[in-house]
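This is model32.cif. It holds mmCIF, C-alpha atoms and all ligand atoms.
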data_entry
loop_
_atom_site.label_atom_id
_atom_site.label_comp_id
_atom_site.auth_asym_id
_atom_site.auth_seq_id
_atom_site.Cartn_x
_atom_site.Cartn_y
_atom_site.Cartn_z
CA MET W 1 -2.82 15.82 -4.29
CA LEU W 2 0.39 14.27 -5.46
CA VAL W 3 0.46 13.20 -9.09
CA ASP W 4 3.66 11.46 -10.12
CA GLY W 5 5.48 13.18 -7.26
CA LYS W 6 4.19 16.70 -8.01
CA SER W 7 1.66 18.46 -5.83
CA TRP W 8 -1.49 19.64 -7.64
CA ARG W 9 -4.70 21.47 -7.04
CA THR W 10 -7.42 21.85 -9.64
CA ILE W 11 -7.30 25.67 -9.65
CA TRP W 12 -4.72 28.22 -8.52
CA PRO W 13 -3.91 31.90 -9.10
CA GLY W 14 -1.50 32.57 -11.96
CA GLU W 15 1.99 33.82 -11.18
CA ASP W 16 1.34 37.01 -13.18
CA GLY W 17 -1.17 38.11 -10.53
CA LYS W 18 -3.78 38.66 -13.24
CA SER W 19 -4.94 35.20 -14.21
CA VAL W 20 -6.05 31.83 -12.88
CA GLU W 21 -4.84 28.40 -13.90
CA ILE W 22 -6.89 25.21 -14.04
CA ILE W 23 -6.47 21.58 -15.01
CA ASP W 24 -8.43 20.98 -18.23
CA GLN W 25 -10.47 17.95 -17.15
CA THR W 26 -11.80 17.32 -20.66
CA ARG W 27 -8.30 16.08 -21.56
CA LEU W 28 -8.04 13.52 -18.75
CA PRO W 29 -7.21 10.67 -18.45
CA PHE W 30 -5.18 10.94 -21.63
CA GLU W 31 -3.24 14.13 -20.87
CA LEU W 32 -2.69 16.32 -17.83
CA VAL W 33 -2.94 19.79 -19.36
CA THR W 34 -3.42 23.19 -17.74
CA VAL W 35 -5.28 26.18 -19.12
CA ARG W 36 -4.96 29.87 -18.19
CA LEU W 37 -8.11 31.88 -17.54
CA GLU W 38 -7.57 35.60 -18.16
CA GLN W 39 -11.06 37.01 -18.19
CA LEU W 40 -14.57 36.33 -17.01
CA GLU W 41 -15.48 34.77 -20.35
CA ASP W 42 -12.67 32.21 -19.98
CA ALA W 43 -13.97 31.17 -16.57
CA ALA W 44 -17.55 30.99 -17.85
CA ARG W 45 -16.46 28.85 -20.79
CA ALA W 46 -14.42 26.57 -18.50
CA ILE W 47 -17.52 25.93 -16.38
CA THR W 48 -19.97 25.57 -19.28
CA GLU W 49 -17.74 23.27 -21.32
CA MET W 50 -16.72 21.33 -18.21
CA LEU W 51 -12.97 21.95 -18.28
CA VAL W 52 -13.75 22.32 -14.59
CA ARG W 53 -16.69 20.46 -13.07
CA GLY W 54 -17.88 19.15 -9.73
CA ALA W 55 -19.95 21.42 -7.51
CA PRO W 56 -17.21 22.75 -5.17
CA LEU W 57 -14.77 23.39 -8.01
CA ILE W 58 -17.46 25.13 -10.05
CA GLY W 59 -17.97 27.39 -7.01
CA ALA W 60 -14.26 28.18 -6.67
CA THR W 61 -13.95 28.82 -10.42
CA ALA W 62 -16.95 31.16 -10.30
CA ALA W 63 -15.33 33.08 -7.44
CA TYR W 64 -12.09 33.55 -9.41
CA GLY W 65 -14.11 34.26 -12.56
CA PHE W 66 -15.93 37.01 -10.68
CA TRP W 67 -12.59 38.53 -9.74
CA LEU W 68 -11.42 38.37 -13.37
CA GLY W 69 -14.69 39.98 -14.43
CA ILE W 70 -14.41 43.02 -12.18
CA ARG W 71 -10.62 43.35 -12.06
CA ASP W 72 -10.51 46.34 -14.39
CA CYS W 73 -13.91 47.89 -13.73
CA ALA W 74 -15.83 47.11 -10.56
CA ASP W 75 -18.92 49.31 -10.59
CA ASP W 76 -22.32 47.90 -9.61
CA VAL W 77 -23.38 47.38 -13.20
CA ARG W 78 -20.30 45.29 -13.96
CA MET W 79 -20.73 43.29 -10.75
CA GLN W 80 -24.32 42.44 -11.62
CA ALA W 81 -23.42 41.48 -15.17
CA ALA W 82 -20.59 39.22 -13.96
CA ALA W 83 -22.91 37.53 -11.45
CA LYS W 84 -25.59 36.97 -14.07
CA GLN W 85 -23.18 35.53 -16.61
CA LEU W 86 -21.59 33.12 -14.14
CA ILE W 87 -24.83 31.90 -12.56
CA ALA W 88 -26.18 31.05 -16.03
CA CYS W 89 -23.26 28.70 -16.79
CA ARG W 90 -24.72 25.53 -15.24
CA PRO W 91 -28.05 25.20 -13.47
CA THR W 92 -27.81 22.35 -10.96
CA ALA W 93 -24.72 22.72 -8.74
CA VAL W 94 -25.77 25.26 -6.13
CA ASN W 95 -22.18 26.03 -5.12
CA LEU W 96 -22.06 28.24 -8.19
CA ARG W 97 -24.77 30.56 -6.89
CA TRP W 98 -23.39 30.25 -3.36
CA ALA W 99 -19.93 31.47 -4.44
CA VAL W 100 -21.29 34.32 -6.57
CA ASP W 101 -23.64 35.45 -3.78
CA ARG W 102 -20.74 35.39 -1.34
CA MET W 103 -18.54 37.47 -3.63
CA GLN W 104 -21.31 40.02 -4.10
CA ALA W 105 -22.06 40.21 -0.39
CA VAL W 106 -18.40 40.91 0.43
CA LEU W 107 -17.82 43.40 -2.38
CA ALA W 108 -21.07 45.36 -2.53
CA PRO W 109 -20.38 47.47 0.62
CA LEU W 110 -16.91 48.46 -0.68
CA ALA W 111 -16.01 51.40 -2.90
CA PRO W 112 -15.49 50.27 -6.53
CA GLU W 113 -11.74 50.97 -6.39
CA GLN W 114 -11.35 48.59 -3.43
CA ARG W 115 -13.29 45.74 -4.97
CA ALA W 116 -10.74 44.11 -7.27
CA GLN W 117 -8.24 43.42 -4.50
CA ALA W 118 -10.97 42.28 -2.12
CA ALA W 119 -12.41 39.98 -4.82
CA ARG W 120 -9.09 38.26 -5.32
CA ALA W 121 -8.69 37.83 -1.54
CA GLU W 122 -12.22 36.41 -1.21
CA ALA W 123 -11.72 33.98 -4.10
CA ASP W 124 -8.49 32.80 -2.46
CA ARG W 125 -10.40 32.34 0.81
CA ILE W 126 -13.12 30.30 -0.90
CA ALA W 127 -10.47 28.05 -2.45
CA GLU W 128 -8.56 27.60 0.82
CA GLU W 129 -11.75 26.95 2.77
CA ASP W 130 -12.73 24.31 0.24
CA VAL W 131 -9.50 22.44 0.89
CA ALA W 132 -9.97 22.59 4.67
CA THR W 133 -13.65 21.65 4.40
CA ASN W 134 -12.91 18.58 2.32
CA ALA W 135 -10.13 17.50 4.65
CA ALA W 136 -12.67 17.67 7.49
CA ILE W 137 -15.18 15.63 5.45
CA GLY W 138 -12.38 13.11 5.03
CA ARG W 139 -11.79 12.88 8.77
CA HIS W 140 -15.50 12.37 9.54
CA GLY W 141 -15.95 9.84 6.74
CA LEU W 142 -12.85 7.99 7.88
CA ALA W 143 -14.66 7.01 11.08
CA LEU W 144 -17.32 5.21 9.01
CA ILE W 145 -14.73 3.31 7.01
CA ARG W 146 -12.77 2.49 10.14
CA ALA W 147 -15.91 1.06 11.76
CA VAL W 148 -16.37 -1.35 8.84
CA TRP W 149 -12.71 -2.34 9.00
CA GLU W 150 -12.86 -2.97 12.75
CA ARG W 151 -15.97 -5.09 12.35
CA LYS W 152 -14.85 -7.32 9.51
CA ARG W 153 -11.04 -7.07 9.46
CA GLU W 154 -11.05 -7.52 5.70
CA THR W 155 -10.51 -5.03 2.89
CA VAL W 156 -13.29 -2.44 3.00
CA GLN W 157 -15.24 -2.40 -0.28
CA ILE W 158 -16.60 0.99 -1.31
CA LEU W 159 -18.71 1.89 -4.32
CA THR W 160 -18.69 5.43 -5.68
CA HIS W 161 -20.46 7.13 -8.57
CA CYS W 162 -19.19 9.82 -10.93
CA ASN W 163 -16.23 11.85 -9.73
CA ALA W 164 -16.42 13.42 -6.32
CA GLY W 165 -12.68 13.22 -5.79
CA TRP W 166 -10.08 15.99 -5.67
CA LEU W 167 -10.80 16.84 -9.29
CA ALA W 168 -14.35 17.85 -8.34
CA THR W 169 -13.08 20.24 -5.67
CA VAL W 170 -9.99 22.39 -5.11
CA ASP W 171 -8.35 19.45 -3.34
CA TRP W 172 -9.18 16.19 -1.50
CA GLY W 173 -12.69 15.75 -2.89
CA THR W 174 -15.92 15.06 -1.07
CA ALA W 175 -16.86 11.38 -1.51
CA LEU W 176 -13.23 10.39 -2.00
CA ALA W 177 -11.84 12.46 0.88
CA PRO W 178 -12.70 9.66 3.37
CA VAL W 179 -11.07 7.17 1.00
CA TYR W 180 -7.85 9.18 0.95
CA ALA W 181 -8.02 9.56 4.72
CA ALA W 182 -8.49 5.81 5.15
CA GLN W 183 -5.53 5.13 2.89
CA GLU W 184 -3.40 7.47 5.02
CA ALA W 185 -4.64 5.65 8.13
CA GLY W 186 -3.48 2.36 6.68
CA ILE W 187 -6.94 0.79 6.36
CA PRO W 188 -7.03 -1.72 3.52
CA LEU W 189 -9.69 -0.66 1.06
CA HIS W 190 -10.83 -1.14 -2.51
CA VAL W 191 -13.10 1.11 -4.57
CA PHE W 192 -15.63 0.07 -7.23
CA VAL W 193 -15.89 2.99 -9.64
CA ASP W 194 -19.09 3.42 -11.67
CA GLU W 195 -18.09 4.46 -15.18
CA THR W 196 -20.88 7.09 -15.09
CA ARG W 197 -22.22 7.37 -18.60
CA PRO W 198 -22.67 9.48 -20.55
CA ARG W 199 -19.59 11.62 -19.80
CA ASN W 200 -17.77 8.84 -17.97
CA GLN W 201 -16.43 10.92 -15.11
CA GLY W 202 -15.88 7.66 -13.20
CA ALA W 203 -13.85 6.05 -15.96
CA SER W 204 -11.87 9.10 -16.98
CA LEU W 205 -11.47 11.02 -13.70
CA THR W 206 -12.10 8.84 -10.64
CA ALA W 207 -10.17 5.88 -12.06
CA TRP W 208 -7.31 8.24 -12.98
CA GLU W 209 -7.27 9.84 -9.52
CA LEU W 210 -7.33 6.54 -7.66
CA GLY W 211 -4.67 5.08 -9.94
CA LYS W 212 -2.36 8.05 -9.32
CA ALA W 213 -2.96 7.73 -5.57
CA GLY W 214 -2.23 4.00 -5.60
CA ILE W 215 -5.66 3.06 -4.29
CA PRO W 216 -6.87 -0.38 -5.43
CA HIS W 217 -9.97 -0.07 -7.59
CA HIS W 218 -11.98 -1.63 -10.39
CA LEU W 219 -14.03 0.20 -12.97
CA LEU W 220 -17.63 -1.03 -13.22
CA ALA W 221 -20.18 -0.78 -15.98
CA ASP W 222 -22.92 1.43 -14.57
CA ASN W 223 -25.36 -1.47 -14.50
CA ALA W 224 -23.18 -3.74 -12.35
CA GLY W 225 -23.50 -2.14 -8.92
CA GLY W 226 -26.85 -3.73 -7.99
CA HIS W 227 -25.49 -7.19 -8.73
CA LEU W 228 -22.43 -6.61 -6.55
CA MET W 229 -24.58 -5.35 -3.69
CA GLN W 230 -26.86 -8.40 -3.96
CA HIS W 231 -23.82 -10.62 -3.58
CA GLY W 232 -22.47 -8.86 -0.50
CA LYS W 233 -19.50 -7.35 -2.35
CA ILE W 234 -20.06 -3.73 -1.25
CA ASP W 235 -19.70 -2.57 2.36
CA LEU W 236 -20.75 1.00 1.76
CA CYS W 237 -21.54 3.46 -1.00
CA ILE W 238 -20.18 7.00 -0.79
CA VAL W 239 -21.20 9.58 -3.38
CA GLY W 240 -21.08 13.36 -3.65
CA SER W 241 -23.81 15.91 -4.29
CA ASP W 242 -24.37 18.91 -6.51
CA ARG W 243 -27.29 20.26 -4.52
CA THR W 244 -29.01 18.92 -1.41
CA THR W 245 -32.27 20.29 -0.07
CA ALA W 246 -32.74 21.48 3.50
CA SER W 247 -34.77 18.30 4.01
CA GLY W 248 -31.92 16.02 2.89
CA ASP W 249 -32.94 15.10 -0.68
CA VAL W 250 -29.71 14.63 -2.59
CA CYS W 251 -29.18 15.69 -6.18
CA ASN W 252 -26.14 14.06 -7.75
CA LYS W 253 -24.91 12.75 -11.09
CA ILE W 254 -27.47 10.82 -13.12
CA GLY W 255 -27.59 7.20 -11.97
CA THR W 256 -27.05 7.90 -8.29
CA TYR W 257 -30.73 7.31 -7.51
CA LEU W 258 -30.62 3.78 -8.97
CA LYS W 259 -27.59 2.96 -6.83
CA ALA W 260 -29.36 4.27 -3.75
CA LEU W 261 -32.41 2.09 -4.51
CA ALA W 262 -30.18 -0.95 -4.92
CA ALA W 263 -28.34 -0.12 -1.70
CA LYS W 264 -31.61 0.20 0.25
CA ALA W 265 -32.90 -3.10 -1.16
CA ASN W 266 -29.72 -4.86 -0.13
CA GLY W 267 -29.07 -3.24 3.24
CA VAL W 268 -25.91 -1.48 2.06
CA PRO W 269 -25.25 1.86 3.83
CA PHE W 270 -25.51 4.75 1.38
CA TYR W 271 -23.62 7.90 2.42
CA VAL W 272 -23.42 11.28 0.72
CA ALA W 273 -20.39 13.49 1.36
CA LEU W 274 -20.90 17.21 0.88
CA PRO W 275 -19.82 20.61 2.17
CA GLY W 276 -22.35 22.98 3.74
CA SER W 277 -22.16 25.10 0.58
CA THR W 278 -23.94 22.33 -1.34
CA VAL W 279 -27.08 22.58 0.81
CA ASP W 280 -29.77 24.73 -0.76
CA TRP W 281 -31.60 25.97 2.31
CA THR W 282 -34.38 27.46 0.17
CA LEU W 283 -35.60 24.06 -1.07
CA SER W 284 -37.49 21.27 0.68
CA ASP W 285 -38.52 18.90 -2.14
CA GLY W 286 -35.63 17.83 -4.32
CA VAL W 287 -37.59 15.98 -6.99
CA ALA W 288 -40.00 18.86 -7.53
CA GLN W 289 -37.68 21.81 -7.02
CA ILE W 290 -34.09 21.11 -8.08
CA PRO W 291 -33.44 22.18 -11.68
CA ILE W 292 -31.91 19.27 -13.58
CA GLU W 293 -29.45 20.19 -16.31
CA GLU W 294 -30.38 18.71 -19.69
CA ARG W 295 -27.19 18.32 -21.71
CA SER W 296 -26.51 17.68 -25.37
CA ALA W 297 -27.80 14.43 -26.89
CA ASP W 298 -24.36 13.99 -28.43
CA GLU W 299 -22.97 12.99 -25.02
CA VAL W 300 -25.26 9.93 -25.10
CA LEU W 301 -24.96 9.19 -28.81
CA THR W 302 -21.15 9.29 -28.89
CA ILE W 303 -18.23 8.28 -26.74
CA GLN W 304 -14.69 9.63 -26.39
CA GLY W 305 -11.74 7.30 -26.15
CA GLN W 306 -8.16 6.73 -27.17
CA ALA W 307 -7.29 4.69 -30.24
CA GLU W 308 -4.35 2.31 -30.25
CA ASP W 309 -2.26 4.87 -32.14
CA GLY W 310 -2.79 7.35 -29.29
CA ARG W 311 -5.33 9.61 -31.01
CA VAL W 312 -8.26 10.69 -28.85
CA LEU W 313 -11.41 10.11 -30.90
CA ARG W 314 -15.14 10.58 -30.51
CA LEU W 315 -17.18 7.69 -31.91
CA ARG W 316 -20.89 7.36 -32.66
CA LEU W 317 -22.71 4.58 -30.75
CA ALA W 318 -26.20 4.71 -32.25
CA PRO W 319 -27.77 5.09 -35.69
CA GLU W 320 -27.36 8.57 -37.11
CA THR W 321 -31.11 9.18 -36.92
CA THR W 322 -31.54 8.10 -33.28
CA PRO W 323 -32.56 10.89 -30.92
CA ALA W 324 -31.40 10.85 -27.28
CA CYS W 325 -32.21 12.63 -24.06
CA ASN W 326 -29.59 13.48 -21.48
CA PRO W 327 -30.65 14.54 -17.99
CA ALA W 328 -27.34 15.10 -16.20
CA PHE W 329 -28.47 14.67 -12.58
CA ASP W 330 -31.10 12.88 -10.53
CA VAL W 331 -32.49 13.22 -7.04
CA THR W 332 -32.18 10.58 -4.34
CA PRO W 333 -34.91 11.11 -1.74
CA ALA W 334 -33.66 11.53 1.82
CA ASP W 335 -35.16 8.24 3.00
CA LEU W 336 -32.68 6.32 0.83
CA VAL W 337 -29.68 8.10 2.37
CA THR W 338 -28.08 6.53 5.45
CA GLY W 339 -26.23 9.69 6.41
CA ILE W 340 -24.65 12.88 5.16
CA ILE W 341 -20.93 13.37 5.77
CA THR W 342 -20.30 17.09 6.22
CA GLU W 343 -17.30 19.09 7.37
CA ARG W 344 -19.07 19.35 10.74
CA GLY W 345 -19.70 15.63 11.18
CA VAL W 346 -22.07 12.93 9.94
CA CYS W 347 -25.79 13.66 10.24
CA PRO W 348 -29.09 12.10 9.24
CA ALA W 349 -30.42 13.17 5.82
CA SER W 350 -33.23 15.20 7.30
CA ARG W 351 -34.15 18.79 8.07
CA ALA W 352 -33.33 18.26 11.75
CA GLY W 353 -30.06 16.49 10.97
CA LEU W 354 -28.76 19.20 8.65
CA ALA W 355 -30.07 22.03 10.82
CA ALA W 356 -28.23 20.62 13.83
CA ARG W 357 -24.94 20.80 11.88
CA PHE W 358 -25.60 24.20 10.28
CA PRO W 359 -27.87 26.03 12.72
CA GLU W 360 -26.80 29.46 11.44
CA GLN W 361 -28.00 28.64 7.92
CA ALA W 362 -31.12 26.59 8.58
CA ARG W 363 -34.46 28.34 8.09
CA PRO W 364 -37.45 27.68 10.33
O1 LIG D 401 -21.46 17.20 -14.22
P1 LIG D 401 -20.35 17.24 -13.22
O2 LIG D 401 -19.17 16.42 -13.58
O3 LIG D 401 -20.01 18.65 -12.83
O4 LIG D 401 -21.02 16.57 -11.98
C1 LIG D 401 -20.48 16.71 -10.75
C2 LIG D 401 -20.15 15.42 -10.20
O5 LIG D 401 -19.10 14.90 -10.46
C3 LIG D 401 -21.03 14.82 -9.29
O6 LIG D 401 -22.34 14.75 -9.49
C4 LIG D 401 -20.43 14.68 -7.94
O7 LIG D 401 -20.79 13.48 -7.46
C5 LIG D 401 -20.81 15.81 -7.04
S1 LIG D 401 -19.70 17.14 -7.11
C6 LIG D 401 -18.57 16.78 -5.81
#

How would this structure read if it were set down as structure tokens?
Ligand code: MRU
Amino acid sequence: MLVDGKSWRTIWPGEDGKSVEIIDQTRLPFELVTVRLEQLEDAARAITEMLVRGAPLIGATAAYGFWLGIRDCADDVRMQAAAKQLIACRPTAVNLRWAVDRMQAVLAPLAPEQRAQAARAEADRIAEEDVATNAAIGRHGLALIRAVWERKRETVQILTHCNAGWLATVDWGTALAPVYAAQEAGIPLHVFVDETRPRNQGASLTAWELGKAGIPHHLLADNAGGHLMQHGKIDLCIVGSDRTTASGDVCNKIGTYLKALAAKANGVPFYVALPGSTVDWTLSDGVAQIPIEERSADEVLTIQGQAEDGRVLRLRLAPETTPACNPAFDVTPADLVTGIITERGVCPASRAGLAARFPEQARP
């Protein structure tokens, strides 16, 4: 993506051939800062502390982290330890396990002395494939946006939740890839961006991305989306996913489920954009089976922002004695989802729909 005339990705190999560079997303929207990852522990910390976040980018970071972890010693013991450490970083986004499994599957048959080079090549492949996959999601999602435009010939109004833009992936994004494709196609559109408490990925990341891309948007308090849908102000919702079951139940950032309920009640199409690597083919009941990350209460009890003098501060919102709970994701049952936008086309949120797009991965 272009930011102020410079082309960026969220992660890329360092010029020294030994490290990986990332954008530190905890510093956005106030500063665009990069960080160098030199060892497995750096990559694990970047995932855990959310310098990188978003399911596809977590997967790519895990792949590079695996490479960093076995670069100097690649015996089976080291490989297993690296896999274990990375998979433990965050529990919900399945792309993490997917990337680690893929690295292990490619490297395990090789002699230890061949593994470091092969790991770097595989991590590069995962990153490049992510870019191509998201571009394809963009092309398929574009058709949905174009259909709205052709029907009403007025600015297409899209609501999105959290950040499933290029910052959540290596490039292009999932939910925002169709938005970028529509912009390129010259379709007039406007995006309502849920702020996405408690970490405010909508306010700090999606709003920043869209602003840099010159896409018209308004930030919304999380509670406002239902009202807008009731008043016919939203043509379609497009969100991302961190893990989707083989039956089409969609796990995404906390608050997604409420938007899907409001969309269903108001006849607003609700689409989920995701790569095949986000489907967990081992699961069939999202509510019962997807592990939901419980994050620190501090994320709910405090808020980060910039003071007038430019300092970035964290402020308390509630009494000092107030406890808080912080489930980071929720599950939207498949029957609330109009369709899933994948790199292989749009399909119904159902076992049959997903299996038809990914027959080689579907289980009987
Ligand atoms: O906790 P995060 O920021 O890693 O959550 C990821 C998200 O931004 C979303 O839930 C997103 O919609 C899916 S990832 C493309």

Polymer residues at most 7 Å from Leu37 (chain W), all atoms listed in the file, same-chain spacing of 4 or more positions, as number ranges by chain: W: 19-21, 42-43

Name all residues at most 8 Å from region 216-227 of chain W (count all atoms listed in the file; drop same-chain ones fewer than 2 positions away) and give them as a PyMOL selection string. chain W and resi 159+189-197+202-203+207+210-211+214+229-231+255+259+262-263

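Put simply, CA of Thr338 (chain W) is 25.2 Å away from CA of Asp171 (chain W).
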
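The shortest atom-to-atom distance to ligand LIG 401 (chain D), with all atoms listed in the file taken into account, belongs to W:Gly54 out of W:Pro91, W:Gly54, W:Pro348, W:Pro364.
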
Hey, which bits of chain W sit within 7 Å of ligand LIG 401 (chain D), and for each residue what's the closest pair of atoms and how far apart in Å (one decimal), counting only C-alpha atoms and all ligand atoms, rows by chain and increasing number, as JSON lines?
{"residue": "W:Met50", "atom": "CA", "partner": "D:LIG401", "partner_atom": "O3", "distance": 6.9}
{"residue": "W:Arg53", "atom": "CA", "partner": "D:LIG401", "partner_atom": "O3", "distance": 3.8}
{"residue": "W:Gly54", "atom": "CA", "partner": "D:LIG401", "partner_atom": "C1", "distance": 3.7}
{"residue": "W:Ala55", "atom": "CA", "partner": "D:LIG401", "partner_atom": "S1", "distance": 4.3}
{"residue": "W:Pro56", "atom": "CA", "partner": "D:LIG401", "partner_atom": "C6", "distance": 6.2}
{"residue": "W:His161", "atom": "CA", "partner": "D:LIG401", "partner_atom": "O7", "distance": 6.5}
{"residue": "W:Cys162", "atom": "CA", "partner": "D:LIG401", "partner_atom": "O5", "distance": 5.1}
{"residue": "W:Asn163", "atom": "CA", "partner": "D:LIG401", "partner_atom": "O5", "distance": 4.3}
{"residue": "W:Ala164", "atom": "CA", "partner": "D:LIG401", "partner_atom": "C6", "distance": 4.0}
{"residue": "W:Gly165", "atom": "CA", "partner": "D:LIG401", "partner_atom": "C6", "distance": 6.9}
{"residue": "W:Ala168", "atom": "CA", "partner": "D:LIG401", "partner_atom": "C6", "distance": 5.0}
{"residue": "W:Thr169", "atom": "CA", "partner": "D:LIG401", "partner_atom": "C6", "distance": 6.5}
{"residue": "W:Gly173", "atom": "CA", "partner": "D:LIG401", "partner_atom": "C6", "distance": 6.6}
{"residue": "W:Thr174", "atom": "CA", "partner": "D:LIG401", "partner_atom": "C6", "distance": 5.7}
{"residue": "W:Gln201", "atom": "CA", "partner": "D:LIG401", "partner_atom": "O2", "distance": 6.3}
{"residue": "W:Val239", "atom": "CA", "partner": "D:LIG401", "partner_atom": "O7", "distance": 5.7}
{"residue": "W:Gly240", "atom": "CA", "partner": "D:LIG401", "partner_atom": "O7", "distance": 3.8}
{"residue": "W:Ser241", "atom": "CA", "partner": "D:LIG401", "partner_atom": "C5", "distance": 4.1}
{"residue": "W:Asp242", "atom": "CA", "partner": "D:LIG401", "partner_atom": "C5", "distance": 4.8}
{"residue": "W:Asn252", "atom": "CA", "partner": "D:LIG401", "partner_atom": "O6", "distance": 4.2}
{"residue": "W:Lys253", "atom": "CA", "partner": "D:LIG401", "partner_atom": "O6", "distance": 3.6}
{"residue": "W:Ala328", "atom": "CA", "partner": "D:LIG401", "partner_atom": "O1", "distance": 6.6}
{"residue": "W:Phe329", "atom": "CA", "partner": "D:LIG401", "partner_atom": "O6", "distance": 6.9}

Could you write out the selected residues, including C-alpha atoms, as a short mmCIF file (atom, residue, chain, number, x, y, z; two decimals), keeping the file's coordinate frame?
data_model
loop_
_atom_site.label_atom_id
_atom_site.label_comp_id
_atom_site.auth_asym_id
_atom_site.auth_seq_id
_atom_site.Cartn_x
_atom_site.Cartn_y
_atom_site.Cartn_z
CA MET W 50 -16.72 21.33 -18.21
CA ARG W 53 -16.69 20.46 -13.07
CA GLY W 54 -17.88 19.15 -9.73
CA ALA W 55 -19.95 21.42 -7.51
CA PRO W 56 -17.21 22.75 -5.17
CA HIS W 161 -20.46 7.13 -8.57
CA CYS W 162 -19.19 9.82 -10.93
CA ASN W 163 -16.23 11.85 -9.73
CA ALA W 164 -16.42 13.42 -6.32
CA GLY W 165 -12.68 13.22 -5.79
CA ALA W 168 -14.35 17.85 -8.34
CA THR W 169 -13.08 20.24 -5.67
CA GLY W 173 -12.69 15.75 -2.89
CA THR W 174 -15.92 15.06 -1.07
CA GLN W 201 -16.43 10.92 -15.11
CA VAL W 239 -21.20 9.58 -3.38
CA GLY W 240 -21.08 13.36 -3.65
CA SER W 241 -23.81 15.91 -4.29
CA ASP W 242 -24.37 18.91 -6.51
CA ASN W 252 -26.14 14.06 -7.75
CA LYS W 253 -24.91 12.75 -11.09
CA ALA W 328 -27.34 15.10 -16.20
CA PHE W 329 -28.47 14.67 -12.58
#

Taken to one decimal, the CA of Asn95 (chain W)-CA of Ser277 (chain W) distance is 5.8 Å

Shell around region 67-69 of chain W at 7 Å using all atoms listed in the file, local window under 6 positions removed, as JSON, numbers by chain: {"W": [38, 39, 40, 82, 116, 119, 120]}

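Closest approach to Leu336 (chain W) among W:Val179, W:Ala318, W:Leu2, W:Cys237 is made by W:Cys237 (distances from only C-alpha atoms).
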
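The protein and nucleic acid residues lying at most 7 Å from Val100 (chain W) are Ala62, Ala63, Ala83, Leu96, Arg97, Met103 and Gln104 of chain W, with only C-alpha atoms considered and sequence neighbours fewer than 3 positions away removed.
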
Selection above as a file: C-alpha atoms, as a CSV table (one decimal), keeping the file's coordinate frame:
chain,number,residue,atom,x,y,z
W,62,ALA,CA,-17.0,31.2,-10.3
W,63,ALA,CA,-15.3,33.1,-7.4
W,83,ALA,CA,-22.9,37.5,-11.4
W,96,LEU,CA,-22.1,28.2,-8.2
W,97,ARG,CA,-24.8,30.6,-6.9
W,103,MET,CA,-18.5,37.5,-3.6
W,104,GLN,CA,-21.3,40.0,-4.1

Answer as a PyMOL selection string, residues within 10 Å of (-11.7, 37.9, -2.0) using only C-alpha atoms: chain W and resi 63-64+66-67+102-103+106-107+115-127

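With all atoms listed in the file taken into account, the protein and nucleic acid residues at most 10 Å from Arg153 (chain W) (excluding it and anything under 5 positions from it in its own chain) are Arg146, Ala147, Val148, Ile187 and Pro188 of chain W.
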
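Put simply, CA of Ile238 (chain W) is 6.8 Å away from CA of Ala273 (chain W).
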
May I have the protein, DNA and RNA residues with any atom at most 8 Å from the point (-16.9, 12.6, 7.4), counting only C-alpha atoms, written as number ranges by chain? W: 136-144, 178, 273, 341-346

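If all atoms listed in the file are the atoms counted, then among W:Asn200, W:Thr160, W:Gln25, W:Thr245 the closest residue to Pro291 (chain W) is W:Thr245.
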
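Minimum atom-to-atom distances from W:Cys325, W:Leu167, W:Ala182, W:Leu261 to Trp208 (chain W) were compared using all atoms listed in the file, and the lowest value belongs to W:Leu167.
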